[in-house]
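Novice: File name model_36.txt; file contents compact mmCIF, C-alpha atoms and all ligand atoms; full text below.
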```txt
# COMPACT_ATOMS: atom_id res chain seq x y z
CA MET A 52 -17.16 16.97 -10.05
CA SER A 53 -20.65 17.97 -11.26
CA ALA A 54 -22.52 20.09 -8.72
CA PRO A 55 -23.93 17.25 -6.63
CA SER A 56 -25.76 19.50 -4.17
CA GLU A 57 -28.23 20.79 -6.76
CA ALA A 58 -28.50 17.74 -8.95
CA HIS A 59 -29.35 14.99 -6.48
CA GLU A 60 -31.75 16.25 -3.86
CA ALA A 61 -33.93 13.16 -4.25
CA THR A 62 -31.41 10.66 -5.60
CA PRO A 63 -28.39 10.16 -3.37
CA HIS A 64 -25.01 10.92 -4.92
CA ARG A 65 -23.39 7.58 -5.82
CA VAL A 66 -19.83 7.19 -4.60
CA LEU A 67 -17.99 4.03 -5.69
CA ILE A 68 -14.75 3.17 -3.91
CA LEU A 69 -12.44 0.71 -5.67
CA GLY A 70 -10.16 -1.25 -3.35
CA ALA A 71 -10.53 -1.82 0.40
CA GLY A 72 -6.87 -1.48 1.31
CA TYR A 73 -5.53 1.04 3.80
CA ALA A 74 -6.54 4.03 1.65
CA GLY A 75 -9.88 2.72 0.34
CA MET A 76 -11.03 1.59 3.79
CA ALA A 77 -10.10 4.95 5.29
CA ALA A 78 -12.12 6.66 2.54
CA ALA A 79 -15.16 4.40 2.98
CA ILE A 80 -15.36 4.65 6.77
CA GLN A 81 -14.72 8.38 6.75
CA LEU A 82 -17.26 9.10 4.05
CA ALA A 83 -19.93 6.82 5.50
CA GLY A 84 -19.55 8.48 8.90
CA ARG A 85 -19.94 11.94 7.42
CA VAL A 86 -22.95 11.31 5.16
CA LYS A 87 -24.88 8.79 7.25
CA ARG A 88 -27.24 11.25 8.93
CA ARG A 89 -27.93 13.39 5.86
CA GLY A 90 -28.41 10.46 3.50
CA ASP A 91 -27.31 12.53 0.49
CA ALA A 92 -24.74 9.97 -0.67
CA GLN A 93 -24.76 6.25 -1.23
CA VAL A 94 -21.35 4.68 -0.63
CA THR A 95 -20.33 1.39 -2.24
CA LEU A 96 -16.97 -0.27 -1.60
CA ILE A 97 -15.64 -2.93 -3.99
CA ASN A 98 -12.81 -5.27 -3.08
CA ALA A 99 -11.42 -8.56 -4.28
CA GLN A 100 -11.84 -10.23 -0.88
CA ASP A 101 -13.98 -9.96 2.26
CA ARG A 102 -10.87 -10.17 4.35
CA PHE A 103 -8.85 -7.01 4.91
CA THR A 104 -5.29 -7.66 3.70
CA GLU A 105 -2.82 -6.40 6.27
CA ARG A 106 -0.04 -5.87 3.77
CA LEU A 107 2.20 -4.73 6.60
CA ARG A 108 2.10 -8.31 7.94
CA LEU A 109 2.43 -10.27 4.69
CA HIS A 110 6.05 -11.23 5.45
CA MET A 111 4.71 -12.79 8.66
CA THR A 112 2.02 -14.70 6.76
CA ALA A 113 4.70 -15.86 4.32
CA THR A 114 6.65 -17.44 7.16
CA GLY A 115 3.68 -19.34 8.54
CA GLN A 116 2.70 -16.94 11.33
CA ARG A 117 -1.00 -16.57 12.00
CA VAL A 118 -2.41 -13.09 11.64
CA ALA A 119 -5.88 -11.87 12.64
CA GLU A 120 -8.76 -12.36 10.22
CA LEU A 121 -10.24 -8.92 9.74
CA SER A 122 -13.63 -8.87 8.06
CA ILE A 123 -14.42 -5.85 5.89
CA PRO A 124 -18.23 -6.45 5.84
CA GLU A 125 -18.23 -6.74 9.64
CA LEU A 126 -16.40 -3.47 10.06
CA LEU A 127 -18.75 -1.75 7.63
CA ASP A 128 -21.80 -3.06 9.46
CA GLY A 129 -23.93 -0.16 10.64
CA THR A 130 -22.19 2.44 8.45
CA GLY A 131 -24.71 2.26 5.60
CA THR A 132 -21.92 1.36 3.15
CA ARG A 133 -22.70 -1.33 0.61
CA PHE A 134 -19.90 -3.87 0.18
CA VAL A 135 -19.40 -5.64 -3.14
CA ARG A 136 -16.95 -8.51 -3.26
CA GLY A 137 -15.53 -8.85 -6.75
CA TRP A 138 -12.70 -8.12 -9.15
CA VAL A 139 -12.87 -4.81 -10.98
CA THR A 140 -12.18 -5.54 -14.63
CA ALA A 141 -12.81 -2.16 -16.28
CA VAL A 142 -13.58 1.49 -15.61
CA ASN A 143 -15.44 3.59 -18.17
CA ALA A 144 -14.61 7.13 -17.10
CA ASP A 145 -16.88 8.73 -19.71
CA ALA A 146 -19.97 6.62 -18.98
CA ARG A 147 -19.03 6.66 -15.25
CA THR A 148 -19.35 2.93 -14.86
CA VAL A 149 -17.25 0.17 -13.37
CA ARG A 150 -17.35 -3.42 -14.49
CA VAL A 151 -17.01 -6.08 -11.81
CA ASP A 152 -16.13 -9.72 -12.58
CA ASP A 153 -16.89 -8.93 -16.24
CA ASP A 154 -20.63 -9.37 -15.73
CA ARG A 155 -21.82 -6.59 -13.39
CA VAL A 156 -21.90 -2.90 -14.18
CA LEU A 157 -22.05 -0.33 -11.38
CA HIS A 158 -22.69 3.38 -11.98
CA TYR A 159 -21.10 6.22 -10.10
CA ASP A 160 -21.26 9.98 -9.79
CA THR A 161 -17.91 10.11 -7.99
CA LEU A 162 -15.25 7.41 -7.98
CA ILE A 163 -12.49 6.88 -5.44
CA TYR A 164 -9.77 4.78 -7.06
CA GLY A 165 -7.66 2.93 -4.48
CA LEU A 166 -6.49 -0.30 -6.11
CA GLY A 167 -3.02 -0.11 -4.57
CA SER A 168 0.20 -1.44 -6.06
CA VAL A 169 2.13 -4.69 -6.13
CA ALA A 170 5.75 -5.71 -6.70
CA ASP A 171 6.76 -5.59 -10.34
CA THR A 172 6.78 -9.23 -11.41
CA GLU A 173 6.57 -8.44 -15.13
CA THR A 174 9.81 -6.67 -16.07
CA VAL A 175 12.48 -9.25 -15.23
CA PRO A 176 12.05 -12.46 -17.26
CA GLY A 177 11.14 -15.53 -15.25
CA VAL A 178 9.80 -13.69 -12.18
CA GLU A 179 6.18 -14.23 -13.15
CA ASP A 180 6.80 -17.96 -13.77
CA TYR A 181 9.23 -18.99 -11.04
CA ALA A 182 9.28 -16.43 -8.23
CA TYR A 183 6.97 -16.02 -5.25
CA SER A 184 5.65 -12.61 -4.27
CA LEU A 185 3.85 -10.87 -1.41
CA ASN A 186 1.35 -9.32 -3.78
CA SER A 187 -1.68 -10.75 -1.99
CA PHE A 188 -2.56 -12.78 1.07
CA GLN A 189 -2.88 -15.86 -1.17
CA ASP A 190 0.60 -15.27 -2.61
CA ALA A 191 2.04 -15.02 0.91
CA GLU A 192 0.28 -18.26 1.91
CA LEU A 193 1.71 -20.03 -1.16
CA LEU A 194 5.20 -19.04 -0.09
CA ALA A 195 4.46 -20.12 3.49
CA GLY A 196 3.56 -23.60 2.23
CA ARG A 197 6.74 -23.86 0.16
CA LEU A 198 9.01 -22.67 2.99
CA ALA A 199 7.41 -25.07 5.45
CA ARG A 200 8.18 -28.00 3.13
CA LEU A 201 11.69 -26.88 2.25
CA GLY A 202 13.79 -28.05 5.22
CA SER A 203 17.12 -26.82 3.87
CA GLY A 204 18.45 -24.97 0.85
CA THR A 205 18.67 -21.40 -0.41
CA VAL A 206 16.04 -18.69 -0.54
CA VAL A 207 16.88 -15.65 -2.66
CA VAL A 208 15.00 -12.44 -1.84
CA GLY A 209 15.09 -10.09 -4.82
CA GLY A 210 14.94 -6.42 -3.85
CA SER A 211 16.71 -4.71 -0.94
CA GLY A 212 13.94 -2.21 -0.19
CA LEU A 213 11.96 -2.36 3.03
CA THR A 214 9.77 -5.31 2.00
CA GLY A 215 12.84 -7.29 0.92
CA ILE A 216 14.69 -6.51 4.15
CA GLU A 217 11.74 -7.39 6.38
CA SER A 218 11.07 -10.60 4.44
CA ALA A 219 14.70 -11.76 4.43
CA ALA A 220 14.99 -11.15 8.18
CA GLU A 221 11.72 -12.92 8.90
CA ILE A 222 12.59 -15.99 6.79
CA ALA A 223 16.07 -16.24 8.32
CA GLU A 224 14.67 -16.02 11.83
CA GLN A 225 11.79 -18.48 11.34
CA TYR A 226 13.88 -20.95 9.29
CA PRO A 227 17.45 -20.79 10.61
CA LYS A 228 18.48 -23.83 8.55
CA LEU A 229 17.78 -22.01 5.29
CA ASN A 230 20.43 -20.01 3.54
CA VAL A 231 18.84 -16.58 2.90
CA VAL A 232 20.40 -14.29 0.27
CA LEU A 233 19.20 -10.70 -0.10
CA LEU A 234 19.98 -9.21 -3.52
CA GLY A 235 19.57 -5.58 -4.49
CA ARG A 236 20.95 -2.59 -6.33
CA HIS A 237 21.28 -0.62 -3.09
CA GLU A 238 22.71 -1.43 0.29
CA PRO A 239 19.88 -2.32 2.71
CA GLY A 240 19.03 0.70 4.84
CA ALA A 241 20.63 3.08 2.32
CA THR A 242 17.98 5.73 2.95
CA MET A 243 18.66 5.80 6.71
CA THR A 244 21.38 7.61 8.63
CA SER A 245 24.70 5.77 8.55
CA LYS A 246 24.20 4.66 12.18
CA ALA A 247 20.69 3.29 11.68
CA GLY A 248 21.69 1.66 8.38
CA ALA A 249 24.71 0.01 10.03
CA TYR A 250 22.50 -1.34 12.82
CA LEU A 251 20.08 -2.77 10.25
CA ARG A 252 22.86 -4.49 8.31
CA SER A 253 24.44 -5.94 11.46
CA ALA A 254 21.03 -7.35 12.47
CA LEU A 255 20.72 -9.01 9.06
CA GLU A 256 24.21 -10.46 9.52
CA ARG A 257 23.34 -11.75 13.01
CA LEU A 258 20.30 -13.50 11.51
CA GLY A 259 22.56 -15.10 8.90
CA VAL A 260 21.21 -13.18 5.89
CA GLN A 261 23.82 -12.89 3.14
CA VAL A 262 23.56 -9.44 1.62
CA ARG A 263 24.70 -8.83 -1.96
CA SER A 264 24.34 -5.14 -2.89
CA GLY A 265 25.09 -3.44 -6.19
CA VAL A 266 23.73 -6.39 -8.15
CA GLU A 267 20.98 -6.58 -10.71
CA VAL A 268 18.97 -9.71 -11.48
CA THR A 269 18.50 -10.25 -15.20
CA LYS A 270 16.56 -13.49 -15.15
CA VAL A 271 14.87 -15.89 -12.77
CA LEU A 272 15.22 -19.56 -13.73
CA PRO A 273 13.43 -22.57 -12.17
CA ASP A 274 16.44 -23.27 -9.92
CA ALA A 275 18.63 -20.14 -10.02
CA VAL A 276 18.78 -16.41 -10.53
CA GLU A 277 21.04 -14.86 -13.14
CA LEU A 278 22.82 -11.56 -12.49
CA VAL A 279 24.20 -8.89 -14.81
CA GLY A 280 27.58 -10.22 -15.93
CA GLY A 281 26.30 -13.78 -16.20
CA GLU A 282 26.84 -15.02 -12.61
CA THR A 283 24.13 -17.39 -11.42
CA ILE A 284 23.06 -18.17 -7.86
CA ALA A 285 21.49 -21.58 -7.37
CA THR A 286 18.34 -21.38 -5.27
CA GLU A 287 15.33 -23.43 -4.26
CA VAL A 288 13.02 -20.43 -3.78
CA VAL A 289 12.95 -16.86 -5.08
CA LEU A 290 10.83 -14.20 -3.38
CA TRP A 291 10.42 -11.11 -5.55
CA THR A 292 9.84 -7.76 -3.80
CA SER A 293 11.48 -5.35 -6.24
CA GLY A 294 9.83 -2.47 -8.10
CA THR A 295 6.17 -1.49 -8.08
CA ARG A 296 3.39 -2.02 -10.56
CA VAL A 297 -0.16 -0.67 -10.51
CA SER A 298 -3.32 -1.96 -12.12
CA PRO A 299 -3.54 -1.05 -15.83
CA LEU A 300 -7.24 -0.15 -15.40
CA ALA A 301 -6.70 3.59 -14.89
CA ALA A 302 -4.61 3.99 -18.04
CA ALA A 303 -7.03 1.82 -20.01
CA ALA A 304 -9.88 4.09 -18.88
CA GLY A 305 -8.11 7.09 -20.41
CA LEU A 306 -7.27 8.74 -17.08
CA THR A 307 -4.04 10.71 -17.11
CA VAL A 308 -1.37 8.54 -15.50
CA ASP A 309 2.34 8.98 -14.82
CA GLU A 310 5.13 6.79 -16.25
CA ARG A 311 4.32 4.14 -13.63
CA GLY A 312 0.59 4.06 -14.42
CA ARG A 313 -0.48 5.96 -11.29
CA ILE A 314 -3.33 8.45 -11.63
CA VAL A 315 -2.00 12.02 -11.71
CA THR A 316 -3.99 14.15 -9.28
CA ASP A 317 -4.60 17.83 -8.71
CA THR A 318 -3.98 19.35 -5.27
CA GLY A 319 -7.35 18.05 -4.08
CA LEU A 320 -6.56 14.40 -5.09
CA ARG A 321 -8.86 14.54 -8.15
CA SER A 322 -7.69 13.10 -11.46
CA VAL A 323 -6.34 15.96 -13.59
CA SER A 324 -8.21 14.56 -16.60
CA HIS A 325 -11.41 13.36 -14.88
CA PRO A 326 -12.20 15.45 -11.79
CA GLN A 327 -15.06 13.18 -10.76
CA VAL A 328 -12.38 10.55 -10.02
CA TYR A 329 -10.34 10.81 -6.82
CA ALA A 330 -7.14 8.74 -6.60
CA VAL A 331 -5.78 7.57 -3.25
CA GLY A 332 -2.99 5.43 -1.81
CA ASP A 333 -0.35 3.67 -3.88
CA ALA A 334 -2.41 3.98 -7.08
CA ALA A 335 -2.14 7.79 -7.07
CA ALA A 336 0.71 10.08 -8.18
CA ILE A 337 0.33 12.89 -5.65
CA ALA A 338 2.76 15.78 -5.91
CA GLN A 339 3.87 17.47 -2.72
CA GLY A 340 6.32 20.36 -2.26
CA TYR A 341 9.20 17.87 -1.91
CA ARG A 342 8.23 15.49 -4.82
CA VAL A 343 5.59 12.91 -5.78
CA MET A 344 4.70 10.78 -2.76
CA HIS A 345 5.80 7.16 -2.72
CA GLY A 346 3.43 4.42 -1.59
CA THR A 347 3.11 3.87 2.15
CA CYS A 348 0.38 3.11 4.59
CA GLN A 349 1.30 6.22 6.62
CA GLY A 350 0.53 8.42 3.60
CA GLY A 351 -2.19 6.23 2.08
CA MET A 352 -4.68 6.46 4.92
CA PRO A 353 -4.65 10.28 5.00
CA THR A 354 -5.30 10.35 1.23
CA GLY A 355 -8.42 8.23 1.75
CA VAL A 356 -9.67 10.47 4.55
CA HIS A 357 -8.94 13.60 2.55
CA ALA A 358 -10.80 12.31 -0.53
CA ALA A 359 -13.83 11.50 1.64
CA VAL A 360 -13.79 14.92 3.29
CA SER A 361 -13.44 16.59 -0.12
CA ILE A 362 -16.44 14.72 -1.50
CA VAL A 363 -18.51 15.84 1.47
CA ARG A 364 -17.35 19.41 0.90
CA ALA A 365 -18.38 19.16 -2.77
CA LEU A 366 -21.78 17.78 -1.74
CA ARG A 367 -22.20 20.94 0.33
CA GLY A 368 -21.12 23.09 -2.64
CA ARG A 369 -17.60 23.81 -1.35
CA GLN A 370 -14.20 23.38 -3.00
CA PRO A 371 -11.81 20.64 -1.82
CA LYS A 372 -8.81 21.80 0.19
CA PRO A 373 -5.30 20.97 -1.03
CA PHE A 374 -3.92 17.71 0.34
CA ARG A 375 -0.74 18.04 2.38
CA PHE A 376 1.27 15.26 3.93
CA GLY A 377 4.72 14.92 5.47
CA TYR A 378 6.43 11.63 6.32
CA TYR A 379 7.49 11.08 9.91
CA HIS A 380 9.04 7.62 10.22
CA THR A 381 10.32 4.47 8.55
CA PRO A 382 9.71 1.54 10.87
CA VAL A 383 11.42 -1.70 9.80
CA SER A 384 11.03 -5.10 11.45
CA LEU A 385 14.10 -7.36 11.58
CA GLY A 386 12.40 -10.57 12.61
CA ARG A 387 10.18 -10.66 15.70
CA HIS A 388 12.82 -9.55 18.20
CA ASP A 389 14.62 -6.66 16.54
CA GLY A 390 13.91 -3.64 14.41
CA VAL A 391 14.91 -0.13 13.43
CA VAL A 392 12.70 2.93 13.39
CA GLN A 393 14.21 5.80 11.43
CA PHE A 394 12.48 9.10 12.14
CA THR A 395 12.29 11.31 9.09
CA HIS A 396 11.79 14.86 7.92
CA PRO A 397 8.51 15.46 6.07
CA ASP A 398 10.28 14.84 2.73
CA ASP A 399 11.29 11.36 4.00
CA SER A 400 14.96 12.24 4.46
CA PRO A 401 16.34 10.81 7.72
CA ARG A 402 16.50 12.76 10.97
CA ARG A 403 19.28 11.94 13.42
CA LEU A 404 16.88 10.15 15.77
CA HIS A 405 16.29 6.44 15.41
CA LEU A 406 15.20 3.55 17.63
CA THR A 407 16.59 0.02 17.65
CA GLY A 408 16.03 -3.29 19.43
CA ARG A 409 13.03 -4.02 21.66
CA ILE A 410 11.69 -0.47 21.73
CA ALA A 411 11.74 -0.46 17.91
CA VAL A 412 9.91 -3.82 17.91
CA ARG A 413 7.18 -2.36 20.14
CA TYR A 414 6.96 0.80 18.06
CA LYS A 415 6.69 -1.16 14.80
CA GLU A 416 4.01 -3.47 16.22
CA THR A 417 1.97 -0.47 17.44
CA VAL A 418 2.16 1.07 13.97
CA THR A 419 1.29 -2.19 12.21
CA ALA A 420 -1.66 -2.91 14.49
CA SER A 421 -3.08 0.62 14.42
CA PRO A 422 -5.01 0.90 11.10
CA TRP A 423 -7.87 -1.44 12.04
CA PRO A 424 -8.64 0.21 15.42
CA THR A 425 -8.27 3.57 13.67
CA PHE A 426 -11.02 2.55 11.22
CA GLY A 427 -13.15 1.47 14.20
CA ARG A 428 -12.64 4.84 15.90
CA MET A 429 -13.44 6.72 12.69
CA LYS A 430 -16.67 4.77 12.37
CA LYS A 431 -17.85 6.32 15.64
CA MET A 432 -16.01 9.63 15.34
CA PRO A 433 -15.10 10.59 11.75
CA ALA A 434 -13.16 13.66 12.89
CA SER A 435 -10.67 11.40 14.71
CA GLY A 436 -9.28 10.37 11.31
CA ALA A 437 -8.27 13.89 10.34
CA PHE A 438 -4.98 14.03 12.26
CA TRP A 439 -1.76 13.51 10.35
CA PRO A 440 1.40 15.58 9.85
CA ARG A 441 0.83 18.11 7.07
CA GLY A 442 4.55 18.57 6.36
CA GLY A 443 4.98 22.23 7.41
CA ARG A 444 7.27 24.20 5.12
CA PHE A 445 8.01 21.09 3.02
CA THR A 446 4.48 21.08 1.60
CA ARG A 447 3.60 24.76 1.84
CA ILE A 448 4.87 25.62 -1.68
CA ARG A 449 2.20 23.55 -3.35
CA ALA A 450 -0.55 24.62 -0.98
CA SER A 451 0.00 28.26 -1.82
CA ARG A 452 -0.17 27.80 -5.57
C1 LIG B 1 5.48 -6.79 3.50
C2 LIG B 1 5.10 -5.32 3.39
C3 LIG B 1 5.41 -4.48 4.47
C4 LIG B 1 5.05 -3.13 4.43
N1 LIG B 1 5.34 -2.34 5.50
C5 LIG B 1 4.96 -1.04 5.50
C6 LIG B 1 5.19 -0.20 6.66
O1 LIG B 1 5.75 -0.64 7.65
N2 LIG B 1 4.75 1.08 6.62
C7 LIG B 1 4.09 1.61 5.54
O2 LIG B 1 3.69 2.77 5.58
N3 LIG B 1 3.88 0.86 4.41
C8 LIG B 1 4.29 -0.44 4.38
N4 LIG B 1 4.06 -1.22 3.27
C9 LIG B 1 3.42 -0.57 2.11
C10 LIG B 1 1.91 -0.52 2.31
O3 LIG B 1 1.43 -1.82 2.56
C11 LIG B 1 1.20 0.07 1.08
O4 LIG B 1 1.75 1.33 0.81
C12 LIG B 1 -0.30 0.17 1.35
O5 LIG B 1 -0.86 -1.12 1.45
C13 LIG B 1 -1.02 0.95 0.25
O6 LIG B 1 -2.38 1.04 0.56
P1 LIG B 1 -3.46 1.08 -0.61
O7 LIG B 1 -4.79 1.18 0.08
O8 LIG B 1 -3.10 2.05 -1.64
O9 LIG B 1 -3.34 -0.36 -1.33
P2 LIG B 1 -3.56 -1.82 -0.75
O10 LIG B 1 -3.42 -1.84 0.73
O11 LIG B 1 -2.67 -2.71 -1.54
O12 LIG B 1 -5.08 -2.13 -1.11
C14 LIG B 1 -5.55 -2.28 -2.41
C15 LIG B 1 -6.80 -3.15 -2.36
O13 LIG B 1 -7.37 -3.21 -3.66
C16 LIG B 1 -7.69 -4.55 -3.97
N5 LIG B 1 -7.65 -4.68 -5.43
C17 LIG B 1 -6.60 -4.46 -6.26
N6 LIG B 1 -6.97 -4.62 -7.53
C18 LIG B 1 -8.29 -4.96 -7.51
C19 LIG B 1 -9.26 -5.21 -8.52
N7 LIG B 1 -8.96 -5.15 -9.83
N8 LIG B 1 -10.52 -5.50 -8.13
C20 LIG B 1 -10.87 -5.54 -6.80
N9 LIG B 1 -9.99 -5.28 -5.80
C21 LIG B 1 -8.72 -4.99 -6.17
C22 LIG B 1 -6.63 -5.36 -3.26
O14 LIG B 1 -7.06 -6.70 -3.09
C23 LIG B 1 -6.51 -4.59 -1.94
O15 LIG B 1 -7.46 -5.03 -1.01
C24 LIG B 1 4.40 -2.58 3.28
C25 LIG B 1 4.10 -3.43 2.19
C26 LIG B 1 4.44 -4.78 2.24
C27 LIG B 1 4.10 -5.67 1.05
```
Represent the structure from my file as structure tokens, please.
Specialist:
Amino acid sequence: MSAPSEAHEATPHRVLILGAGYAGMAAAIQLAGRVKRRGDAQVTLINAQDRFTERLRLHMTATGQRVAELSIPELLDGTGTRFVRGWVTAVNADARTVRVDDDRVLHYDTLIYGLGSVADTETVPGVEDYAYSLNSFQDAELLAGRLARLGSGTVVVGGSGLTGIESAAEIAEQYPKLNVVLLGRHEPGATMTSKAGAYLRSALERLGVQVRSGVEVTKVLPDAVELVGGETIATEVVLWTSGTRVSPLAAAAGLTVDERGRIVTDTGLRSVSHPQVYAVGDAAAIAQGYRVMHGTCQGGMPTGVHAAVSIVRALRGRQPKPFRFGYYHTPVSLGRHDGVVQFTHPDDSPRRLHLTGRIAVRYKETVTASPWPTFGRMKKMPASGAFWPRGGRFTRIRASR
């Protein structure tokens, strides 16, 4: 980052934040709170919609359940942050500009890139044409409409990761007449302890979800899915949750990205090729002592806060501190009345402790509901956003480099 403290005494330092998801919102609120009084930075947040997408509830939206309408401009009111609703179509990392909806160009001194990730609907043929996804609120609503009209038949959920599990359970519970089939390479709950995983699978069975593990979908057809080996499963609806894909904008801008297209960061969350760009949330490849972080809300929000704090440090002529994060839980809903919470070591490996049943339901709901009030608290008290597990010895290796 160019020395902002000397260069912009009269002109405020322009910070553009791309994406108002969990990470981008955390960055915007945190940064606005910290620079508001001094007025040495102008913060602009760009997002595709005014409404905050609670991705953690998209499986609920997809099954016709109403979720709160959370307005980003309303939350930003009084913070001094400018909100731009639009679709980012290009980043020019050399000219330090961002193109919005093809016809507007915004300039920045520092960029925070938080465009998130979506399920990979491009790799397996037919997914893009025939499968539903939970890639946006609109996608979830489309599926909700289809399920409501369906009455009976089969719904195949492709992908036995957490989104696939939660979606299959939710569909089976809300539509008991439907035949729900969960397909995946791995057994659902494979990353949990054997006890927690067994509980999860028995809950899926109780809900009537048919689990097929160790299978790979090769093609999605208008009325079936085809598996390796040629077997087909006839289905009315396919929901695709497998794999992750990020926006191609970072790679197209010439930023150094990993094999999945995520921006590779230094210890301070700055792009290794363009240090005036910070990358946060699912769109960033952030190495920790244990490995590169995988996308979660629990890790995404701290990255946003850390990027904001680092920018403020740079504005005051100080170096960013290394980012450290350790996982602490994997909460999984199994419909509205059951769940499993697997507590984890900082590297995301399972601890012995887990919760199930009603207490897990309450825990999961508390976690899911917490980001929005957290943003509200940060608006009044930025320092309240700075608490998260740093990972202890699991992340110390990198911090001491
Ligand atoms: C059903 C489901 C359940 C989940 N449950 C959990 C859970 O229990 N715990 C957990 O930790 N994680 C969970 N996750 C994962 C979690 O939602 C993500 O890790 C998290 O949303 C990442 O935050 P982010 O800010 O990086 O991206 P996002 O929250 O996806 O935000 C990105 C934002 O950028 C916007 N955007 C993207 N491209 C553009 C563009 N070109 N122009 C303008 N705007 C754009 C998007 O509209 C969005 O608002 C779940 C995900 C799903 C789908």
Novice: Just want the residues within 7 Å of ligand LIG 1 (chain B), written as an NGL selection string, counting only C-alpha atoms and all ligand atoms.
Specialist: :A and (69-75 or 97-100 or 103-104 or 106-110 or 137-140 or 165-169 or 185-187 or 214 or 217-218 or 298 or 331-334 or 346-351 or 381-383 or 419)
Novice: Using only C-alpha atoms, which residue out of A:Thr130, A:Thr114, A:Thr417, A:Thr446 lies closest to A:Met429?
Specialist: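 The shortest atom-to-atom distance to A:Met429 comes from A:Thr130.
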Novice: Using all atoms listed in the file, which protein or nucleic acid residues come within 6 Å of A:Arg147? Drop anything in the same chain fewer than 4 positions from it, and give the result as a ChimeraX atom specification.
Specialist: /A:143,158-159
Novice: For atom CA of A:Ile314 and atom CA of A:Asp399, determine how far apart the two atoms are, in Å to one decimal place.
Specialist: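 Computing the Euclidean distance for atom CA of A:Ile314 and atom CA of A:Asp399 yields 21.6 Å.
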Novice: One decimal, Å: what's the distance from atom CA of A:Gly312 over to atom CA of A:Ser293, could you say?
Specialist: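 Between these atoms lies a distance of 16.6 Å.
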Novice: For A:Val328, find every residue with an atom within 12 Å (counting all atoms listed in the file), except residues of its own chain fewer than 5 positions away, and show them as number ranges by chain.
Specialist: A: 52-53, 66-69, 142-145, 147-149, 159-165, 301, 304-307, 314-317, 319-323, 335, 358-359, 361-362
Novice: Just to be explicit: take each residue in the selection above, keep C-alpha atoms, and write the result as a short mmCIF file (atom, residue, chain, number, x, y, z; two decimals), in the coordinates of the input.
Specialist:
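As written to disk, selection_14.cif reads:
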```
data_model
loop_
_atom_site.label_atom_id
_atom_site.label_comp_id
_atom_site.auth_asym_id
_atom_site.auth_seq_id
_atom_site.Cartn_x
_atom_site.Cartn_y
_atom_site.Cartn_z
CA MET A 52 -17.16 16.97 -10.05
CA SER A 53 -20.65 17.97 -11.26
CA VAL A 66 -19.83 7.19 -4.60
CA LEU A 67 -17.99 4.03 -5.69
CA ILE A 68 -14.75 3.17 -3.91
CA LEU A 69 -12.44 0.71 -5.67
CA VAL A 142 -13.58 1.49 -15.61
CA ASN A 143 -15.44 3.59 -18.17
CA ALA A 144 -14.61 7.13 -17.10
CA ASP A 145 -16.88 8.73 -19.71
CA ARG A 147 -19.03 6.66 -15.25
CA THR A 148 -19.35 2.93 -14.86
CA VAL A 149 -17.25 0.17 -13.37
CA TYR A 159 -21.10 6.22 -10.10
CA ASP A 160 -21.26 9.98 -9.79
CA THR A 161 -17.91 10.11 -7.99
CA LEU A 162 -15.25 7.41 -7.98
CA ILE A 163 -12.49 6.88 -5.44
CA TYR A 164 -9.77 4.78 -7.06
CA GLY A 165 -7.66 2.93 -4.48
CA ALA A 301 -6.70 3.59 -14.89
CA ALA A 304 -9.88 4.09 -18.88
CA GLY A 305 -8.11 7.09 -20.41
CA LEU A 306 -7.27 8.74 -17.08
CA THR A 307 -4.04 10.71 -17.11
CA ILE A 314 -3.33 8.45 -11.63
CA VAL A 315 -2.00 12.02 -11.71
CA THR A 316 -3.99 14.15 -9.28
CA ASP A 317 -4.60 17.83 -8.71
CA GLY A 319 -7.35 18.05 -4.08
CA LEU A 320 -6.56 14.40 -5.09
CA ARG A 321 -8.86 14.54 -8.15
CA SER A 322 -7.69 13.10 -11.46
CA VAL A 323 -6.34 15.96 -13.59
CA ALA A 335 -2.14 7.79 -7.07
CA ALA A 358 -10.80 12.31 -0.53
CA ALA A 359 -13.83 11.50 1.64
CA SER A 361 -13.44 16.59 -0.12
CA ILE A 362 -16.44 14.72 -1.50
#
```
Novice: Return the single residue from A:Trp291, A:Phe134, A:Phe394, A:Phe376 that is closest to A:Gly210, with distances computed using all atoms listed in the file.
Specialist: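 Checking each of A:Trp291, A:Phe134, A:Phe394, A:Phe376 against A:Gly210, counting all atoms listed in the file, the winner is A:Trp291.
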